[in-house]
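input05.tsv (TSV, C-alpha atoms) appears below.
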```
chain	number	residue	atom	x	y	z
F	19	MET	CA	0.00	0.00	0.00
F	20	ASP	CA	1.33	3.43	-0.92
F	21	THR	CA	1.97	5.91	1.86
F	22	PRO	CA	-0.50	8.77	1.55
F	23	THR	CA	0.81	12.30	1.13
F	24	ALA	CA	0.39	14.86	3.88
F	25	ALA	CA	-1.99	16.76	1.59
F	26	ASP	CA	-4.14	13.62	1.21
F	27	LEU	CA	-4.27	13.16	4.95
F	28	PHE	CA	-5.13	16.82	5.48
F	29	GLN	CA	-7.94	16.61	2.97
F	30	ARG	CA	-9.38	13.53	4.63
F	31	HIS	CA	-8.98	14.36	8.32
F	32	HIS	CA	-8.53	18.06	8.99
F	33	LEU	CA	-12.18	18.71	9.72
F	34	ALA	CA	-12.52	15.91	12.28
F	35	LEU	CA	-9.26	16.94	13.94
F	36	PHE	CA	-10.35	20.55	14.07
F	37	ARG	CA	-13.75	19.68	15.55
F	38	TYR	CA	-12.20	17.32	18.10
F	39	VAL	CA	-9.81	19.98	19.43
F	40	TYR	CA	-12.34	22.79	19.11
F	41	ARG	CA	-15.07	20.89	20.95
F	42	LEU	CA	-12.62	19.71	23.58
F	43	THR	CA	-11.07	23.09	24.32
F	44	GLY	CA	-13.77	25.46	23.06
F	45	ARG	CA	-11.08	27.51	21.33
F	46	ARG	CA	-10.95	27.96	17.61
F	47	ASP	CA	-7.42	29.43	17.66
F	48	VAL	CA	-6.11	26.45	19.63
F	49	ALA	CA	-7.88	24.06	17.26
F	50	GLU	CA	-6.24	25.66	14.21
F	51	ASP	CA	-2.83	25.73	15.93
F	52	VAL	CA	-3.06	22.07	16.86
F	53	VAL	CA	-4.21	20.99	13.41
F	54	GLN	CA	-1.34	22.95	11.88
F	55	GLU	CA	1.16	21.38	14.26
F	56	VAL	CA	-0.24	17.91	13.60
F	57	PHE	CA	0.51	18.31	9.90
F	58	VAL	CA	3.94	19.80	10.52
F	59	ARG	CA	4.72	16.55	12.33
F	60	VAL	CA	3.04	14.49	9.64
F	61	VAL	CA	5.28	16.04	6.98
F	62	ARG	CA	8.36	15.32	9.10
F	63	ARG	CA	7.41	11.76	9.97
F	64	LEU	CA	5.49	10.56	6.94
F	65	ASP	CA	8.39	8.34	5.89
F	66	ALA	CA	8.10	6.47	9.18
F	67	TYR	CA	4.34	6.16	8.89
F	68	GLN	CA	3.27	2.57	9.22
F	69	THR	CA	0.12	1.59	7.40
F	70	MET	CA	-0.55	-1.10	9.99
F	71	GLY	CA	-2.58	1.34	12.04
F	72	ARG	CA	-5.39	3.51	10.84
F	73	GLU	CA	-4.62	6.99	9.59
F	74	ALA	CA	-7.20	8.56	11.89
F	75	ALA	CA	-5.80	6.84	14.98
F	76	TRP	CA	-2.30	8.05	14.10
F	77	LEU	CA	-3.40	11.65	13.54
F	78	PHE	CA	-5.55	11.79	16.66
F	79	THR	CA	-2.68	10.36	18.66
F	80	ILE	CA	-0.48	13.24	17.51
F	81	ALA	CA	-3.23	15.79	18.17
F	82	ARG	CA	-3.89	14.46	21.64
F	83	ARG	CA	-0.20	14.47	22.54
F	84	LEU	CA	0.01	18.07	21.42
F	85	LEU	CA	-2.95	18.92	23.61
F	86	VAL	CA	-1.37	17.18	26.57
F	87	ASP	CA	1.81	19.18	25.95
F	88	ARG	CA	-0.23	22.36	25.92
F	89	HIS	CA	-2.17	21.41	28.98
F	90	ARG	CA	0.01	23.28	31.42
F	91	ALA	CA	0.22	26.36	29.25
F	92	LEU	CA	-3.43	26.36	28.33
F	93	GLU	CA	-5.94	26.76	31.06
F	94	ARG	CA	-8.74	24.58	29.89
F	95	ARG	CA	-12.08	26.08	30.50
F	96	PRO	CA	-15.56	24.83	29.75
F	97	PRO	CA	-15.98	25.45	26.06
F	98	PRO	CA	-17.06	29.05	25.48
F	99	VAL	CA	-19.41	29.85	22.66
F	100	ASP	CA	-17.27	30.83	19.70
F	101	ASP	CA	-19.12	30.62	16.45
F	102	SER	CA	-17.89	33.54	14.42
F	103	ALA	CA	-17.55	31.33	11.33
F	104	ASP	CA	-21.21	30.40	11.52
F	105	ALA	CA	-22.52	33.90	12.09
F	106	SER	CA	-24.25	34.08	8.73
F	107	ILE	CA	-26.19	30.87	9.32
F	108	PRO	CA	-28.32	31.28	12.43
F	109	ALA	CA	-29.59	27.66	12.51
F	110	HIS	CA	-26.04	26.32	12.41
F	111	GLN	CA	-24.96	28.86	14.97
F	112	GLU	CA	-27.65	27.62	17.30
F	113	THR	CA	-26.55	24.03	16.85
F	114	SER	CA	-22.94	24.87	17.43
F	115	ALA	CA	-23.69	26.92	20.51
F	116	ALA	CA	-25.89	24.16	21.87
F	117	LEU	CA	-23.09	21.65	21.42
F	118	ALA	CA	-20.63	23.93	23.19
F	119	GLU	CA	-22.97	24.49	26.12
F	120	ALA	CA	-23.80	20.82	26.41
F	121	LEU	CA	-20.16	19.73	26.25
F	122	ALA	CA	-19.35	22.20	29.01
F	123	GLN	CA	-21.43	20.02	31.33
F	124	VAL	CA	-19.37	16.92	30.61
F	125	LEU	CA	-16.25	15.98	32.57
F	126	GLU	CA	-13.09	16.46	30.58
F	127	VAL	CA	-12.06	12.80	30.50
F	128	GLU	CA	-15.54	11.82	29.39
F	129	ARG	CA	-15.65	14.61	26.82
F	130	ASP	CA	-12.30	13.50	25.44
F	131	ALA	CA	-13.34	9.86	25.01
F	132	PHE	CA	-16.73	10.83	23.63
F	133	LEU	CA	-15.29	13.22	21.03
F	134	LEU	CA	-12.65	10.74	19.94
F	135	ARG	CA	-15.49	8.31	19.28
F	136	GLU	CA	-18.16	10.67	17.97
F	137	VAL	CA	-16.05	13.10	15.95
F	138	GLY	CA	-12.91	11.07	15.30
F	139	GLY	CA	-14.64	7.77	14.68
F	140	LEU	CA	-12.02	5.88	16.68
F	141	SER	CA	-12.81	2.46	18.09
F	142	TYR	CA	-13.01	1.79	21.82
F	143	ASP	CA	-9.69	-0.04	21.64
F	144	GLU	CA	-7.99	2.85	19.84
F	145	ILE	CA	-9.35	5.35	22.35
F	146	ALA	CA	-8.20	3.15	25.24
F	147	LEU	CA	-4.71	3.11	23.77
F	148	LEU	CA	-4.67	6.89	23.36
F	149	CYS	CA	-6.05	7.57	26.82
F	150	HIS	CA	-3.91	4.96	28.54
F	151	THR	CA	-6.92	3.16	29.94
F	152	THR	CA	-9.01	0.08	29.28
F	153	PRO	CA	-11.74	-0.36	26.66
F	154	ASP	CA	-14.23	-0.95	29.50
F	155	SER	CA	-13.30	2.40	31.00
F	156	VAL	CA	-13.74	4.02	27.60
F	157	ARG	CA	-17.22	2.50	27.26
F	158	SER	CA	-18.15	3.91	30.65
F	159	ARG	CA	-16.78	7.37	29.89
F	160	ILE	CA	-18.65	7.51	26.60
F	161	TYR	CA	-22.02	6.44	27.95
F	162	ARG	CA	-21.70	8.86	30.86
F	163	ALA	CA	-20.96	11.64	28.40
F	164	ARG	CA	-23.99	10.63	26.36
F	165	VAL	CA	-26.23	10.59	29.40
F	166	ARG	CA	-25.12	14.12	30.32
F	167	LEU	CA	-25.42	15.34	26.75
F	168	ARG	CA	-28.92	13.95	26.29
F	169	ALA	CA	-30.11	16.19	29.05
F	170	MET	CA	-28.95	19.20	27.06
F	171	LEU	CA	-29.46	18.13	23.47
F	172	SER	CA	-32.61	16.08	23.46
F	173	PRO	CA	-35.96	17.79	23.86
F	174	THR	CA	-37.48	14.71	25.50
F	175	ALA	CA	-34.75	14.13	28.04
F	176	GLN	CA	-34.89	14.87	31.72
F	177	VAL	CA	-31.90	16.10	33.65
F	178	PRO	CA	-30.22	13.04	35.17
F	179	SER	CA	-30.25	12.81	38.92
O	17	MET	CA	-33.41	2.97	34.22
O	18	THR	CA	-30.07	1.39	34.96
O	19	ASP	CA	-26.46	2.06	34.11
O	20	ARG	CA	-26.58	-1.29	32.35
O	21	TRP	CA	-29.16	0.08	29.92
O	22	ASN	CA	-27.21	3.28	29.47
O	23	GLU	CA	-24.02	1.47	28.67
O	24	THR	CA	-25.65	-1.18	26.48
O	25	LEU	CA	-27.61	1.31	24.39
O	26	SER	CA	-24.58	3.59	24.12
O	27	ARG	CA	-22.54	0.66	22.83
O	28	LEU	CA	-25.36	-0.28	20.48
O	29	ILE	CA	-25.24	3.24	18.99
O	30	ASP	CA	-21.50	2.78	18.44
O	31	GLY	CA	-21.88	-0.62	16.78
O	32	ASP	CA	-20.16	-2.45	19.64
O	33	PRO	CA	-21.33	-6.03	20.34
O	34	VAL	CA	-24.02	-6.02	23.05
O	35	ASP	CA	-26.15	-8.49	24.95
O	36	PRO	CA	-29.46	-8.74	23.05
O	37	GLY	CA	-31.25	-9.63	26.27
O	38	VAL	CA	-30.29	-6.31	27.84
O	39	VAL	CA	-31.38	-4.45	24.69
O	40	ALA	CA	-34.75	-6.23	24.76
O	41	GLU	CA	-35.15	-5.48	28.45
O	42	ALA	CA	-34.36	-1.81	27.88
O	43	LEU	CA	-36.66	-1.44	24.90
O	44	GLU	CA	-39.58	-3.00	26.76
O	45	SER	CA	-39.54	0.04	29.00
O	46	PRO	CA	-40.69	3.51	27.86
O	47	ASP	CA	-37.66	4.98	29.62
O	48	GLY	CA	-35.33	2.66	27.73
O	49	ARG	CA	-36.96	3.55	24.41
O	50	ARG	CA	-36.68	7.24	25.23
O	51	LEU	CA	-33.04	6.75	26.12
O	52	LEU	CA	-32.32	5.19	22.74
O	53	VAL	CA	-34.11	8.04	20.97
O	54	ASP	CA	-32.15	10.58	23.01
O	55	PHE	CA	-28.82	8.94	22.25
O	56	THR	CA	-29.77	9.08	18.59
O	57	ALA	CA	-30.59	12.76	19.01
O	58	VAL	CA	-27.14	13.38	20.51
O	59	ARG	CA	-25.55	11.63	17.52
O	60	ALA	CA	-27.67	13.74	15.16
O	61	ALA	CA	-26.67	16.95	16.94
O	62	PHE	CA	-23.00	16.22	16.34
O	63	ASP	CA	-23.69	15.24	12.76
O	64	ARG	CA	-25.13	18.73	12.26
O	65	ASP	CA	-22.02	20.40	13.68
O	66	THR	CA	-20.73	22.98	11.23
O	67	ALA	CA	-17.63	24.13	13.08
O	68	ALA	CA	-14.77	24.41	10.61
O	69	PRO	CA	-11.43	26.15	10.34
O	70	SER	CA	-11.35	29.54	8.67
O	71	ALA	CA	-10.92	29.83	4.92
O	72	ALA	CA	-7.64	31.68	5.47
O	73	PHE	CA	-6.30	28.83	7.57
O	74	LEU	CA	-7.34	26.25	4.97
O	75	GLY	CA	-5.68	28.25	2.20
O	76	GLN	CA	-2.43	28.56	4.13
O	77	MET	CA	-2.36	24.89	5.03
O	78	GLN	CA	-3.10	23.70	1.52
O	79	SER	CA	-0.37	25.92	0.08
O	80	ALA	CA	2.12	24.84	2.72
O	81	LEU	CA	1.39	21.15	2.24
O	82	ALA	CA	1.61	21.45	-1.53
O	83	ALA	CA	5.03	23.11	-1.14
O	84	ALA	CA	6.10	20.41	1.30
O	85	GLU	CA	5.30	17.63	-1.15
O	86	PRO	CA	8.38	15.59	-1.90
O	87	HIS	CA	9.95	15.95	-5.34
O	88	PRO	CA	8.41	13.69	-7.95
O	89	ALA	CA	8.80	10.15	-6.80
O	90	PRO	CA	11.56	8.18	-8.55
O	91	ARG	CA	9.14	6.54	-10.87
O	92	ALA	CA	8.55	6.58	-14.59
O	93	GLY	CA	5.46	5.19	-16.22
O	94	GLY	CA	4.58	3.34	-13.07
O	95	PHE	CA	7.93	1.48	-12.86
O	96	PRO	CA	10.63	2.21	-10.33
O	97	LEU	CA	13.47	4.24	-11.79
O	98	ARG	CA	15.99	1.50	-11.00
O	99	LEU	CA	14.09	-0.97	-13.17
O	100	VAL	CA	13.82	1.55	-15.97
O	101	ALA	CA	17.59	2.16	-15.79
O	102	LEU	CA	18.29	-1.56	-15.87
O	103	ALA	CA	16.01	-2.02	-18.87
O	104	ALA	CA	17.72	0.87	-20.69
O	105	ALA	CA	21.17	-0.60	-19.98
O	106	ALA	CA	20.06	-4.02	-21.19
O	107	ALA	CA	18.64	-2.51	-24.36
O	108	LEU	CA	21.89	-0.62	-24.96
O	109	LEU	CA	23.97	-3.76	-24.50
O	110	LEU	CA	21.71	-5.72	-26.83
O	111	GLY	CA	21.94	-2.97	-29.45
O	112	VAL	CA	25.74	-2.85	-29.26
O	113	GLY	CA	25.92	-6.63	-29.41
O	114	PHE	CA	23.69	-6.76	-32.48
O	115	GLU	CA	25.73	-4.12	-34.28
O	116	ASN	CA	28.98	-6.01	-33.57
O	117	TRP	CA	27.48	-9.20	-34.82
O	118	ARG	CA	26.16	-7.49	-37.96
O	119	HIS	CA	29.56	-5.87	-38.77
O	120	ARG	CA	31.34	-9.13	-38.19
O	121	ARG	CA	29.05	-10.77	-40.74
O	122	VAL	CA	29.84	-8.10	-43.40
O	123	GLU	CA	33.62	-8.40	-42.97
O	124	ALA	CA	33.66	-12.18	-43.07
O	125	PRO	CA	34.13	-13.93	-46.48
O	126	PRO	CA	30.96	-15.08	-48.09
O	127	SER	CA	30.10	-18.59	-47.33
O	128	ALA	CA	30.21	-21.06	-50.23
O	129	ALA	CA	27.08	-21.52	-52.23
O	130	ARG	CA	28.41	-24.71	-53.87
O	131	VAL	CA	31.49	-26.80	-53.61
O	132	LEU	CA	33.56	-27.84	-56.66
O	133	ARG	CA	35.56	-30.94	-56.18
O	134	PHE	CA	38.30	-31.97	-58.54
O	135	GLU	CA	39.18	-35.59	-58.58
O	136	THR	CA	41.81	-37.56	-60.46
O	137	SER	CA	40.58	-39.29	-63.57
O	138	ASP	CA	41.89	-41.14	-66.62
O	139	TRP	CA	43.43	-38.17	-68.21
O	140	THR	CA	45.56	-38.88	-71.26
O	141	SER	CA	48.00	-36.67	-73.04
O	142	VAL	CA	47.08	-35.92	-76.63
O	143	LYS	CA	49.63	-34.66	-78.94
O	144	GLY	CA	49.04	-31.07	-79.88
O	145	GLY	CA	46.77	-30.69	-77.03
O	146	GLY	CA	44.00	-29.51	-79.32
O	147	ARG	CA	40.46	-30.27	-78.95
```
Have the structure of the file written as structure tokens, please.
Amino acid sequence: MDTPTAADLFQRHHLALFRYVYRLTGRRDVAEDVVQEVFVRVVRRLDAYQTMGREAAWLFTIARRLLVDRHRALERRPPPVDDSADASIPAHQETSAALAEALAQVLEVERDAFLLREVGGLSYDEIALLCHTTPDSVRSRIYRARVRLRAMLSPTAQVPS
Amino acid sequence: MTDRWNETLSRLIDGDPVDPGVVAEALESPDGRRLLVDFTAVRAAFDRDTAAPSAAFLGQMQSALAAAEPHPAPRAGGFPLRLVALAAAAALLLGVGFENWRHRRVEAPPSAARVLRFETSDWTSVKGGGR
């Protein structure tokens, strides 16, 4: 199998990477910085890229490591509403703001696992590897995140006790 | 509603193998059915997410990645350059060999088309030697 180019990988994955970091941190500037840095590393290390793993898992691993590195420098706050790019589309803006508000109610470790699954499409095993935990723990984090999110995003849901 | 339902239906949404008995138990209850609908609504909400990097960022990244592309791969017509070079060298050697062989053929004496053989016979001397 041929090794994909960095441009191919960017085309395929930049949006999911951006949304993962943006929804995790609530900061558009951080999301763009991290995506940029991910692809700087991809360009440097593409020769060493092994096709045994999935592209997405590799890219999200880099992104997550970058976020961990930034953790001390960046004071993570509950995601603020930052939807300047969607300002011309009120319906989308509402959706985006609702997501940000709902995610703010979710614990960071749960939010991380949930976004890796929901936005990144990673498997439970891949997420467990990234988060240095077990697949069972990942399953628990994800369902807890879903239970919290349903209270905010579903019109029929009741706030969990 | 139990954590078991929560976890099972969450895993069901993600396509993870689940215990069908727990799914049946959950879906027999109105709360369980509502939970499944709500989890689906959460999935739908994220599917509708429109957050995206700015156009300026995309433009910069695409330009930078295009510039960072490696020089054209050492390939020609789908074959590795090394194979192409070997094929060219082989063709050159064959051409030189053929030319040598052809020149050698031109310089060599023509091969005999027929062979004349002279053998002793009952020759007699005739005076005057005339015919």
Proximity check chain O to chain F, 6 Å, nearest pairs one decimal Å, only C-alpha atoms, as a tab-separated table:
```
residue	atom	partner	partner_atom	distance
O:Glu23	CA	F:Tyr161	CA	5.4
O:Ser26	CA	F:Tyr161	CA	5.4
O:Asp54	CA	F:Ser172	CA	5.5
O:Ala57	CA	F:Ser172	CA	5.9
O:Asp65	CA	F:Ser114	CA	5.9
O:Leu81	CA	F:Ala25	CA	5.6
```
Point to revise | Straight-line distance linking atom CA of F:Ala120 with atom CA of O:Leu51, stated in Å to one decimal | key: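 Answer for the atom CA of F:Ala120 to atom CA of O:Leu51 separation: 16.8 Å.
The closest residue to O:Ile29, picked from O:Ser127, O:Ser70, O:Gln78, O:Thr56 and counting all atoms listed in the file, is O:Thr56.
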Check your understanding: Do you know which residues are at most 9 Å from F:His31 counting all atoms listed in the file, after dropping those on the same chain fewer than 6 positions away, and could you put them as a PyMOL selection string?
Key -> chain F and resi 73-74+77+138
Point to revise | Sel. within 12 Å of pt (2.1, 15.8, 20.2), counting only C-alpha atoms, output as an MDAnalysis selection string | key: chainID F and resid 51:60 76:89 148
Check your understanding: Interatomic distance between atom CA of F:Asp65 and atom CA of O:Ala83?
Key ->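 Distance between the two atoms: 16.7 Å.
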Point to revise | Residues near O:Glu41, cut-off 12 Å, only C-alpha atoms, skip fewer than 2 positions along chain, as number ranges by chain | key: O: 17-18, 20-22, 24-25, 35-39, 43-49
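For the pair atom CA of F:Leu147 and atom CA of F:Pro22, the separation is 23.3 Å.
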